[in-house]
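Participant: For reference, the file coords.txt (compact mmCIF, C-alpha atoms and all ligand atoms) is included below:
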```txt
# COMPACT_ATOMS: atom_id res chain seq x y z
CA MET Q 287 129.67 131.98 88.55
CA SER Q 288 130.07 130.29 85.18
CA ILE Q 289 129.58 131.93 81.83
CA ILE Q 290 128.27 129.28 79.48
CA ALA Q 291 127.97 131.17 76.27
CA ASP Q 292 127.82 134.68 75.13
CA ASP Q 293 126.95 136.70 72.09
CA ASN Q 294 129.43 139.46 71.70
CA ASP Q 295 129.52 140.04 67.94
CA PHE Q 296 126.85 142.68 67.82
CA ILE Q 297 128.04 144.12 71.10
CA ASN Q 298 131.65 144.39 69.95
CA THR Q 299 130.87 146.38 66.84
CA ARG Q 300 128.88 148.85 68.89
CA ALA Q 301 131.48 149.22 71.59
CA GLU Q 302 134.27 149.71 69.08
CA LYS Q 303 132.49 152.76 67.74
CA ASN Q 304 132.01 154.30 71.17
CA PRO Q 305 134.64 152.64 73.27
CA VAL Q 306 134.27 154.80 76.33
CA THR Q 307 130.74 156.03 76.81
CA LYS Q 308 128.61 153.19 75.59
CA ALA Q 309 127.55 150.71 78.17
CA GLU Q 310 127.91 147.41 76.33
CA THR Q 311 130.36 144.84 77.48
CA ILE Q 312 133.34 143.96 75.34
CA GLU Q 313 135.45 140.92 76.07
CA PHE Q 314 138.37 143.08 77.17
CA ASP Q 315 136.26 144.72 79.83
CA LYS Q 316 134.71 141.50 81.13
CA ASN Q 317 137.58 140.61 83.46
CA PHE Q 318 137.75 144.16 84.73
CA GLU Q 319 134.01 144.20 85.33
CA ASN Q 320 134.16 140.88 87.14
CA CYS Q 321 136.87 142.06 89.48
CA ILE Q 322 135.03 145.23 90.53
CA ARG Q 323 131.55 143.69 90.60
CA PRO Q 324 129.99 143.90 94.06
CA LYS Q 325 129.22 140.48 95.47
CA SER Q 326 126.76 141.41 98.24
CA PHE Q 327 123.83 143.75 98.83
CA ASP Q 328 126.02 145.73 101.25
CA THR Q 329 128.50 146.64 98.55
CA TYR Q 330 125.92 147.00 95.75
CA ILE Q 331 125.20 150.73 95.49
CA GLY Q 332 121.88 152.15 94.25
CA GLN Q 333 118.56 150.52 93.22
CA SER Q 334 117.56 150.72 96.89
CA ALA Q 335 113.85 149.92 96.46
CA LEU Q 336 114.65 146.87 94.37
CA LYS Q 337 117.35 145.75 96.79
CA GLU Q 338 114.92 145.89 99.69
CA THR Q 339 112.28 143.85 97.85
CA LEU Q 340 114.87 141.29 96.81
CA GLN Q 341 116.30 140.90 100.29
CA ILE Q 342 112.82 140.15 101.66
CA THR Q 343 112.06 137.71 98.86
CA ILE Q 344 115.36 135.91 99.37
CA GLU Q 345 114.85 135.69 103.13
CA ALA Q 346 111.33 134.28 102.60
CA SER Q 347 112.46 131.71 100.09
CA LYS Q 348 115.23 130.57 102.44
CA LYS Q 349 112.73 130.22 105.31
CA ARG Q 350 110.40 128.20 103.09
CA GLU Q 351 113.34 126.22 101.77
CA MET Q 352 112.00 126.84 98.29
CA PRO Q 353 113.82 128.23 95.28
CA LEU Q 354 113.36 131.88 94.50
CA ASP Q 355 110.58 132.85 92.06
CA HIS Q 356 111.72 133.51 88.50
CA LEU Q 357 112.84 137.11 88.16
CA LEU Q 358 112.89 139.51 85.24
CA PHE Q 359 115.07 142.63 85.26
CA TYR Q 360 114.67 145.26 82.59
CA GLY Q 361 116.22 148.60 81.84
CA PRO Q 362 119.01 150.20 79.79
CA PRO Q 363 122.37 148.42 79.49
CA GLY Q 364 125.05 148.89 82.13
CA LEU Q 365 122.79 149.40 85.15
CA GLY Q 366 123.82 146.19 86.88
CA LYS Q 367 121.36 143.47 85.87
CA THR Q 368 124.03 140.75 85.67
CA THR Q 369 125.71 142.08 88.81
CA LEU Q 370 122.45 141.89 90.71
CA ALA Q 371 121.90 138.30 89.54
CA GLY Q 372 125.36 137.47 90.93
CA VAL Q 373 124.53 139.14 94.25
CA ILE Q 374 121.27 137.15 94.47
CA ALA Q 375 123.13 133.90 93.81
CA GLU Q 376 125.69 134.76 96.49
CA GLN Q 377 122.93 135.60 98.96
CA MET Q 378 121.07 132.36 98.20
CA GLY Q 379 124.32 130.40 98.43
CA ALA Q 380 123.54 129.11 94.94
CA GLU Q 381 125.55 128.55 91.80
CA ILE Q 382 124.73 130.74 88.80
CA LYS Q 383 125.00 129.87 85.13
CA ILE Q 384 125.13 132.83 82.78
CA THR Q 385 124.15 132.85 79.14
CA SER Q 386 122.40 135.09 76.65
CA ALA Q 387 119.45 134.46 74.35
CA PRO Q 388 121.37 134.77 71.05
CA ALA Q 389 123.58 131.89 72.23
CA LEU Q 390 120.50 129.67 72.59
CA GLU Q 391 119.69 129.44 68.92
CA ARG Q 392 119.19 125.67 68.61
CA PRO Q 393 116.79 123.66 70.80
CA ARG Q 394 119.70 121.60 72.07
CA ASP Q 395 121.39 124.74 73.45
CA ILE Q 396 118.59 125.49 75.88
CA ILE Q 397 117.89 121.80 76.57
CA GLY Q 398 121.57 121.24 77.35
CA ILE Q 399 121.66 124.09 79.85
CA LEU Q 400 118.41 123.10 81.53
CA MET Q 401 119.58 119.50 81.89
CA SER Q 402 122.88 120.64 83.39
CA LEU Q 403 121.18 122.58 86.21
CA LYS Q 404 121.32 121.36 89.77
CA GLY Q 405 118.66 121.95 92.43
CA GLY Q 406 118.49 125.57 93.61
CA GLU Q 407 120.78 126.80 90.86
CA ILE Q 408 120.20 130.11 89.10
CA LEU Q 409 120.07 130.39 85.33
CA PHE Q 410 120.69 133.90 84.05
CA ILE Q 411 119.62 134.66 80.47
CA ASP Q 412 120.65 138.05 79.17
CA GLU Q 413 118.78 139.75 76.31
CA ILE Q 414 115.93 137.34 76.97
CA HIS Q 415 113.65 139.22 74.55
CA ARG Q 416 115.76 137.72 71.76
CA LEU Q 417 114.86 134.10 72.56
CA ASN Q 418 113.35 132.34 69.56
CA LYS Q 419 109.91 130.74 69.65
CA VAL Q 420 111.20 127.18 69.99
CA ALA Q 421 113.45 128.05 72.94
CA GLU Q 422 110.53 129.90 74.57
CA GLU Q 423 108.26 126.85 74.16
CA ILE Q 424 110.89 124.68 75.83
CA LEU Q 425 111.24 127.17 78.67
CA TYR Q 426 107.52 127.44 79.53
CA PRO Q 427 107.08 123.98 81.16
CA ALA Q 428 110.59 124.20 82.57
CA MET Q 429 109.72 127.43 84.37
CA GLU Q 430 106.24 126.43 85.39
CA ASP Q 431 106.47 122.75 86.32
CA PHE Q 432 110.24 122.09 86.24
CA VAL Q 433 109.91 119.60 83.41
CA LEU Q 434 111.21 119.25 79.89
CA ASP Q 435 108.62 118.14 77.35
CA MET Q 436 110.44 116.29 74.59
CA THR Q 437 108.90 114.73 71.51
CA THR Q 438 110.33 111.68 69.78
CA GLY Q 439 109.37 109.91 66.55
CA LYS Q 440 107.46 111.26 63.58
CA ALA Q 441 103.84 111.70 62.53
CA GLN Q 442 101.68 108.86 63.92
CA THR Q 443 104.44 107.48 66.11
CA VAL Q 444 105.19 110.77 67.83
CA LYS Q 445 105.57 110.42 71.61
CA THR Q 446 105.91 113.05 74.29
CA LEU Q 447 108.41 112.47 77.03
CA ARG Q 448 108.32 114.43 80.30
CA ILE Q 449 111.72 114.74 81.89
CA PRO Q 450 111.77 116.17 85.40
CA LEU Q 451 114.20 118.99 86.08
CA PRO Q 452 115.57 120.14 89.41
CA LYS Q 453 113.90 123.24 90.85
CA PHE Q 454 115.85 126.23 89.59
CA THR Q 455 115.40 130.00 89.35
CA LEU Q 456 115.49 131.77 86.03
CA ILE Q 457 116.68 135.36 86.05
CA GLY Q 458 115.99 137.05 82.73
CA ALA Q 459 117.42 140.42 81.75
CA THR Q 460 116.33 142.65 78.93
CA THR Q 461 116.75 146.17 77.67
CA LYS Q 462 113.33 145.85 76.05
CA ALA Q 463 110.59 144.54 78.32
CA GLY Q 464 108.02 145.42 75.64
CA ALA Q 465 109.64 143.04 73.17
CA LEU Q 466 109.14 140.05 75.46
CA SER Q 467 106.26 137.79 74.48
CA GLY Q 468 103.26 137.96 76.84
CA PRO Q 469 103.35 134.27 77.82
CA LEU Q 470 107.03 134.47 78.72
CA ARG Q 471 106.60 137.67 80.72
CA ASP Q 472 103.68 136.09 82.62
CA ARG Q 473 105.87 133.27 83.86
CA PHE Q 474 108.10 135.57 85.91
CA GLY Q 475 106.97 135.97 89.51
CA ILE Q 476 108.94 139.18 90.00
CA ILE Q 477 109.43 141.84 87.34
CA HIS Q 478 111.58 144.87 88.08
CA ARG Q 479 112.90 147.87 86.23
CA LEU Q 480 116.40 149.08 87.02
CA GLU Q 481 116.65 152.86 87.29
CA PHE Q 482 119.41 155.20 86.19
CA TYR Q 483 121.76 156.07 89.07
CA THR Q 484 121.89 159.49 90.71
CA GLU Q 485 125.08 161.54 90.68
CA ASN Q 486 125.64 160.70 94.36
CA GLU Q 487 125.24 156.97 93.79
CA LEU Q 488 127.61 157.04 90.83
CA ALA Q 489 130.17 159.00 92.84
CA GLN Q 490 130.03 156.21 95.45
CA VAL Q 491 130.46 153.56 92.73
CA ILE Q 492 133.46 155.50 91.39
CA LYS Q 493 135.06 155.80 94.82
CA ARG Q 494 134.55 152.11 95.47
CA THR Q 495 136.11 151.15 92.13
CA ALA Q 496 138.98 153.61 92.66
CA GLY Q 497 139.65 151.93 96.02
CA ILE Q 498 139.80 148.48 94.42
CA LEU Q 499 142.07 149.71 91.62
CA ASN Q 500 144.28 151.79 93.93
CA ILE Q 501 143.41 155.02 92.17
CA GLU Q 502 143.57 158.20 94.23
CA ILE Q 503 140.49 160.36 93.74
CA ASP Q 504 138.86 163.09 95.81
CA THR Q 505 135.12 163.61 96.28
CA LYS Q 506 134.87 166.43 93.75
CA GLY Q 507 136.80 164.36 91.21
CA ALA Q 508 134.37 161.46 91.73
CA HIS Q 509 131.40 163.78 91.25
CA ALA Q 510 132.91 165.29 88.08
CA ILE Q 511 133.10 161.80 86.54
CA ALA Q 512 129.68 160.84 87.93
CA ARG Q 513 128.00 163.84 86.28
CA ARG Q 514 129.19 162.71 82.86
CA SER Q 515 128.45 158.99 83.27
CA ARG Q 516 124.88 159.01 81.91
CA GLY Q 517 123.46 157.57 85.11
CA THR Q 518 125.24 154.30 84.32
CA PRO Q 519 127.79 152.53 86.58
CA ARG Q 520 129.38 150.64 83.69
CA ILE Q 521 130.16 153.93 81.99
CA ALA Q 522 131.41 155.46 85.26
CA ASN Q 523 133.77 152.53 85.76
CA ARG Q 524 135.07 152.85 82.23
CA LEU Q 525 135.57 156.60 82.53
CA ILE Q 526 137.50 156.31 85.77
CA LYS Q 527 140.14 154.23 83.98
CA ARG Q 528 140.51 156.76 81.16
CA VAL Q 529 140.65 159.68 83.59
CA SER Q 530 143.18 157.81 85.72
CA ASP Q 531 145.39 157.30 82.63
CA TYR Q 532 145.25 161.02 81.97
CA ALA Q 533 145.99 161.89 85.60
CA LEU Q 534 148.99 159.58 85.59
CA VAL Q 535 150.49 160.81 82.33
CA LYS Q 536 149.76 164.52 82.64
CA HIS Q 537 149.90 165.02 86.42
CA ASP Q 538 150.73 163.11 89.58
CA GLY Q 539 148.10 160.37 89.19
CA LYS Q 540 145.57 161.86 91.61
CA ILE Q 541 142.10 162.59 90.20
CA THR Q 542 140.69 165.97 91.18
CA GLU Q 543 137.73 167.84 89.72
CA ASP Q 544 140.01 169.79 87.39
CA ILE Q 545 141.87 166.75 86.14
CA ALA Q 546 138.63 164.82 85.61
CA ASN Q 547 137.10 167.68 83.63
CA GLN Q 548 140.22 168.09 81.48
CA ALA Q 549 140.34 164.36 80.70
CA LEU Q 550 136.63 164.15 79.89
CA ASP Q 551 136.85 167.23 77.65
CA ILE Q 552 139.62 165.52 75.68
CA LEU Q 553 137.41 162.43 75.37
CA LYS Q 554 134.70 164.75 73.97
CA ILE Q 555 132.23 163.76 76.63
CA ASP Q 556 130.22 166.84 77.40
CA GLY Q 557 128.73 168.12 80.63
CA LEU Q 558 125.70 165.83 80.36
CA GLY Q 559 127.78 162.80 79.39
CA LEU Q 560 126.84 162.94 75.71
CA ASP Q 561 129.39 161.74 73.16
CA ASN Q 562 129.70 162.45 69.44
CA THR Q 563 127.03 159.93 68.46
CA ASP Q 564 124.47 161.45 70.81
CA ARG Q 565 125.26 164.97 69.67
CA ASN Q 566 125.17 163.96 65.99
CA LEU Q 567 121.78 162.36 66.52
CA LEU Q 568 120.30 165.48 68.14
CA LYS Q 569 121.95 167.85 65.66
CA LEU Q 570 120.67 165.82 62.71
CA ILE Q 571 117.09 166.14 63.94
CA ILE Q 572 117.55 169.86 64.50
CA ASP Q 573 119.48 170.73 61.33
CA LYS Q 574 117.77 168.46 58.82
CA TYR Q 575 114.31 167.92 60.26
CA ASN Q 576 113.62 171.16 62.06
CA GLY Q 577 113.57 169.40 65.42
CA GLY Q 578 111.47 166.43 64.25
CA PRO Q 579 109.45 164.29 64.37
CA VAL Q 580 111.54 161.97 62.26
CA GLY Q 581 111.56 158.16 61.99
CA ILE Q 582 114.18 156.04 63.72
CA GLU Q 583 115.30 154.35 60.45
CA THR Q 584 115.99 157.72 58.85
CA ILE Q 585 118.06 158.80 61.85
CA ALA Q 586 119.98 155.52 61.90
CA THR Q 587 120.89 155.70 58.21
CA ALA Q 588 121.92 159.33 58.43
CA ILE Q 589 124.27 158.91 61.39
CA GLY Q 590 125.56 155.46 60.37
CA GLU Q 591 124.32 153.52 63.40
CA ASP Q 592 121.89 150.63 63.48
CA THR Q 593 118.42 151.19 64.86
CA ARG Q 594 118.99 148.81 67.78
CA THR Q 595 122.00 150.76 69.01
CA ILE Q 596 119.99 153.94 68.87
CA GLU Q 597 116.95 152.44 70.58
CA ASP Q 598 118.75 150.43 73.25
CA VAL Q 599 121.87 152.48 73.93
CA CYS Q 600 121.53 156.14 72.93
CA GLU Q 601 117.85 156.82 73.40
CA PRO Q 602 117.12 155.72 76.97
CA TYR Q 603 119.46 158.33 78.42
CA LEU Q 604 118.47 161.06 75.95
CA LEU Q 605 114.83 160.46 76.85
CA GLN Q 606 115.55 160.40 80.57
CA ALA Q 607 117.63 163.60 80.31
CA GLY Q 608 114.66 165.25 78.59
CA LEU Q 609 116.62 165.98 75.41
CA LEU Q 610 114.59 163.72 73.15
CA GLN Q 611 110.93 162.77 72.94
CA ARG Q 612 109.26 159.75 71.35
CA THR Q 613 106.06 160.54 69.48
CA PRO Q 614 103.84 158.30 67.33
CA ARG Q 615 105.27 160.09 64.27
CA GLY Q 616 108.92 159.71 65.25
CA ARG Q 617 111.60 161.31 67.42
CA LYS Q 618 111.55 164.99 68.39
CA VAL Q 619 114.18 167.00 70.21
CA SER Q 620 113.17 169.22 73.12
CA GLN Q 621 114.02 172.84 73.86
CA SER Q 622 116.68 171.67 76.32
CA ALA Q 623 118.49 169.87 73.50
CA TYR Q 624 118.62 173.14 71.54
CA THR Q 625 119.94 174.95 74.60
CA HIS Q 626 122.44 172.22 75.47
CA LEU Q 627 123.86 172.19 71.95
CA GLY Q 628 124.09 175.96 71.79
CA TYR Q 629 121.16 176.64 69.45
CA LYS Q 630 119.06 179.73 70.10
CA ASN Q 631 115.63 178.06 70.31
CA ILE Q 632 113.33 175.61 68.61
CA GLN Q 633 112.31 178.01 65.83
CA SER Q 634 115.77 179.36 65.04
CA GLN Q 635 118.36 176.89 63.88
CA GLN Q 636 121.23 179.33 64.20
CA THR Q 637 123.87 178.29 66.68
CA LEU Q 638 125.07 180.76 69.25
CA PHE Q 639 128.67 179.70 68.70
N1 LIG H 1 129.90 148.56 89.97
C1 LIG H 1 128.98 148.45 89.03
N2 LIG H 1 127.75 148.56 89.53
C2 LIG H 1 127.90 148.75 90.85
C3 LIG H 1 126.99 148.96 91.90
N3 LIG H 1 125.68 149.00 91.72
N4 LIG H 1 127.50 149.12 93.13
C4 LIG H 1 128.80 149.09 93.33
N5 LIG H 1 129.71 148.91 92.37
C5 LIG H 1 129.27 148.74 91.14
```
Take the structure from the file and write it as structure tokens.

Facilitator:
Amino acid sequence: MSIIADDNDFINTRAEKNPVTKAETIEFDKNFENCIRPKSFDTYIGQSALKETLQITIEASKKREMPLDHLLFYGPPGLGKTTLAGVIAEQMGAEIKITSAPALERPRDIIGILMSLKGGEILFIDEIHRLNKVAEEILYPAMEDFVLDMTTGKAQTVKTLRIPLPKFTLIGATTKAGALSGPLRDRFGIIHRLEFYTENELAQVIKRTAGILNIEIDTKGAHAIARRSRGTPRIANRLIKRVSDYALVKHDGKITEDIANQALDILKIDGLGLDNTDRNLLKLIIDKYNGGPVGIETIATAIGEDTRTIEDVCEPYLLQAGLLQRTPRGRKVSQSAYTHLGYKNIQSQQTLF
């Protein structure tokens, strides 16, 4: 697996603010993530429907001796889109080149990568919804006909050159399928959404990671961390390290339910896995806007986050947990948000404690 280029600037600023519970990758965590990343479908936990479809598709493409169709994965960050691309490559016995759309700003960036591909190789483009128009135009014939259409000369002397490319598979990943242009989306043969993980699946991920890192943890300890991991393996894997630090310093190193709960309380991660940013967001809507609806820009300014962080990182889980609702007039909190935060009910804004 080779990582060609990456765009971590935006990601770093976000992760610095919420170093433990947000699911973005920071450089520091990359090596850790790589070492615990499952390499096969057998060790990849969760996403069972998707796994089954992929295994059949891979088997078929091997039988036909044809490259895999282009694939698009979408869903919130941290659910394993890159990991899955790595598993697919391993299963196909193919090399994978990993990049992200913000790193493909100039035409020569995407041309360079396409020209470096060998037959059967996989190209993984993260945040593919952020590809610019020119890069998209270059990709279309590359995806469809495995050719690069290059123009040379100016005005009347302009010539188009078709350069053949080896047959490759593009795997695109995005947190925002809706932001992808129609023509680009249409060129993917397989489009799949990654789902949040269940508590049981996350507990398995945590136990697997603990095994790799030589951390002692019992089943109840794994479930305690899983419950507060926002359905997201990347968060679970980050929390296990913090909880393990606490267990080592304050106790004998072993993670039990009690130890996990104590450590997570100190980290201010509540029973649903919400951190300060999430709680501030919900409280703002309740306290200042009577539960909403209120526009995303207003929320972002008031809590000092950018709209993209809110939309891509905070909201998916708050929506899934039923704490927040999206309406045409803005965001609204639900009764369960009032209850979770200790407010009496939607009408009364008095807290119980
Ligand atoms: N680590 C991160 N994601 C994982 C997954 N889906 N299965 C196992 N370990 C993981």

Participant: Which is closest to Q:Arg516 among Q:Leu604, Q:Val420, Q:Val433, Q:Ala489, if we use all atoms listed in the file?

Facilitator: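 Residue with the minimum atom-to-atom distance to Q:Arg516: Q:Leu604.
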
Participant: Once you add 8 Å to each side, what are the centre and edge lengths of the axis-aligned box holding all listed atoms of ligand LIG 1 (chain H)? One decimal in Å, as JSON, if you can.

Facilitator:
```
{"center_x": 127.8, "center_y": 148.8, "center_z": 91.2, "size_x": 20.2, "size_y": 16.7, "size_z": 20.3}
```

Participant: If the limit is 8 Å from any atom of ligand LIG 1 (chain H), counting only C-alpha atoms and all ligand atoms, which residues qualify? Return them as JSON, numbers by chain.

Facilitator: {"Q": [319, 322, 323, 324, 329, 330, 331, 332, 333, 364, 365, 366, 369, 370, 490, 491, 492, 494, 495, 519, 520, 523]}

Participant: Counting all atoms listed in the file, figure out which residue out of Q:Asp531, Q:Asp564, Q:Asp538, Q:Glu597 gets nearest to Q:Ala623.

Facilitator: Q:Asp564

Participant: With all atoms listed in the file as the atoms that count, which of Q:His415, Q:Lys349, Q:Lys404, Q:Arg473 lies nearest to Q:Leu451?

Facilitator: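 Between Q:His415, Q:Lys349, Q:Lys404, Q:Arg473, the residue approaching Q:Leu451 most closely is Q:Lys404.
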
Participant: For each of Q:Ile596, Q:Asn486, Q:Gly578, Q:Ala588, take the minimum atom-to-atom distance to Q:Val619, counting all atoms listed in the file, then give the residue where this is smallest.

Facilitator: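 Closest to Q:Val619 of all the choices is Q:Gly578.
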
Participant: Could you pull stretch 468-478 of chain Q out of the structure just shown and give all heavy atoms as a CSV table (one decimal), in the first residue's frame?

Facilitator:
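Written file, part_29.csv:
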```csv
chain,number,residue,atom,x,y,z
Q,468,GLY,N,-23.1,14.4,-10.6
Q,468,GLY,CA,-23.9,13.2,-11.2
Q,468,GLY,C,-23.0,12.4,-12.2
Q,468,GLY,O,-22.9,11.2,-12.0
Q,469,PRO,N,-22.3,13.1,-13.2
Q,469,PRO,CA,-21.5,12.3,-14.1
Q,469,PRO,C,-20.4,11.4,-13.4
Q,469,PRO,O,-20.2,10.3,-13.9
Q,469,PRO,CB,-20.9,13.4,-15.0
Q,469,PRO,CG,-21.7,14.6,-14.8
Q,469,PRO,CD,-22.4,14.5,-13.5
Q,470,LEU,N,-19.9,11.9,-12.4
Q,470,LEU,CA,-18.8,11.1,-11.7
Q,470,LEU,C,-19.5,10.0,-11.0
Q,470,LEU,O,-19.0,8.8,-11.1
Q,470,LEU,CB,-18.0,12.0,-10.7
Q,470,LEU,CG,-16.9,11.3,-10.0
Q,470,LEU,CD1,-15.9,10.7,-10.9
Q,470,LEU,CD2,-16.2,12.3,-9.0
Q,471,ARG,N,-20.6,10.2,-10.3
Q,471,ARG,CA,-21.2,9.2,-9.6
Q,471,ARG,C,-21.7,8.0,-10.5
Q,471,ARG,O,-21.5,6.9,-10.2
Q,471,ARG,CB,-22.5,9.7,-8.8
Q,471,ARG,CG,-22.9,8.8,-7.7
Q,471,ARG,CD,-24.0,9.5,-6.8
Q,471,ARG,NE,-25.0,10.2,-7.6
Q,471,ARG,CZ,-25.3,11.5,-7.4
Q,471,ARG,NH1,-24.6,12.2,-6.5
Q,471,ARG,NH2,-26.2,12.1,-8.1
Q,472,ASP,N,-22.1,8.4,-11.7
Q,472,ASP,CA,-22.6,7.4,-12.7
Q,472,ASP,C,-21.5,6.5,-13.2
Q,472,ASP,O,-21.8,5.5,-13.8
Q,472,ASP,CB,-23.2,8.2,-13.9
Q,472,ASP,CG,-24.5,8.8,-13.5
Q,472,ASP,OD1,-25.1,8.5,-12.4
Q,472,ASP,OD2,-25.0,9.7,-14.3
Q,473,ARG,N,-20.3,6.9,-13.0
Q,473,ARG,CA,-19.2,6.1,-13.6
Q,473,ARG,C,-18.7,5.0,-12.6
Q,473,ARG,O,-17.8,4.3,-12.9
Q,473,ARG,CB,-18.0,7.0,-14.0
Q,473,ARG,CG,-18.4,7.7,-15.4
Q,473,ARG,CD,-17.4,8.7,-15.8
Q,473,ARG,NE,-17.7,9.1,-17.2
Q,473,ARG,CZ,-18.5,10.1,-17.5
Q,473,ARG,NH1,-19.3,10.7,-16.6
Q,473,ARG,NH2,-18.7,10.4,-18.8
Q,474,PHE,N,-19.3,5.0,-11.4
Q,474,PHE,CA,-19.0,3.9,-10.5
Q,474,PHE,C,-19.9,2.7,-10.7
Q,474,PHE,O,-21.2,2.9,-10.7
Q,474,PHE,CB,-19.1,4.4,-9.0
Q,474,PHE,CG,-17.9,5.3,-8.7
Q,474,PHE,CD1,-18.1,6.7,-8.7
Q,474,PHE,CD2,-16.7,4.8,-8.3
Q,474,PHE,CE1,-17.0,7.5,-8.4
Q,474,PHE,CE2,-15.6,5.6,-8.0
Q,474,PHE,CZ,-15.8,7.0,-8.0
Q,475,GLY,N,-19.4,1.5,-10.8
Q,475,GLY,CA,-20.3,0.4,-11.0
Q,475,GLY,C,-20.9,-0.1,-9.7
Q,475,GLY,O,-22.0,-0.6,-9.7
Q,476,ILE,N,-20.2,0.2,-8.6
Q,476,ILE,CA,-20.7,-0.3,-7.3
Q,476,ILE,C,-20.7,0.9,-6.4
Q,476,ILE,O,-19.6,1.6,-6.2
Q,476,ILE,CB,-19.9,-1.4,-6.7
Q,476,ILE,CG1,-19.9,-2.6,-7.7
Q,476,ILE,CG2,-20.3,-1.8,-5.4
Q,476,ILE,CD1,-18.8,-3.6,-7.4
Q,477,ILE,N,-21.8,1.2,-5.8
Q,477,ILE,CA,-21.9,2.4,-4.8
Q,477,ILE,C,-22.4,1.8,-3.5
Q,477,ILE,O,-23.5,1.2,-3.5
Q,477,ILE,CB,-22.8,3.5,-5.3
Q,477,ILE,CG1,-22.3,4.0,-6.7
Q,477,ILE,CG2,-22.9,4.6,-4.3
Q,477,ILE,CD1,-23.0,5.1,-7.3
Q,478,HIS,N,-21.7,2.0,-2.4
Q,478,HIS,CA,-22.1,1.5,-1.1
Q,478,HIS,C,-22.0,2.4,0.0
Q,478,HIS,O,-21.0,3.1,0.1
Q,478,HIS,CB,-21.3,0.2,-0.8
Q,478,HIS,CG,-22.1,-1.0,-1.1
Q,478,HIS,ND1,-23.2,-1.4,-0.4
Q,478,HIS,CD2,-21.9,-1.9,-2.1
Q,478,HIS,CE1,-23.7,-2.5,-1.0
Q,478,HIS,NE2,-22.9,-2.8,-2.0
```
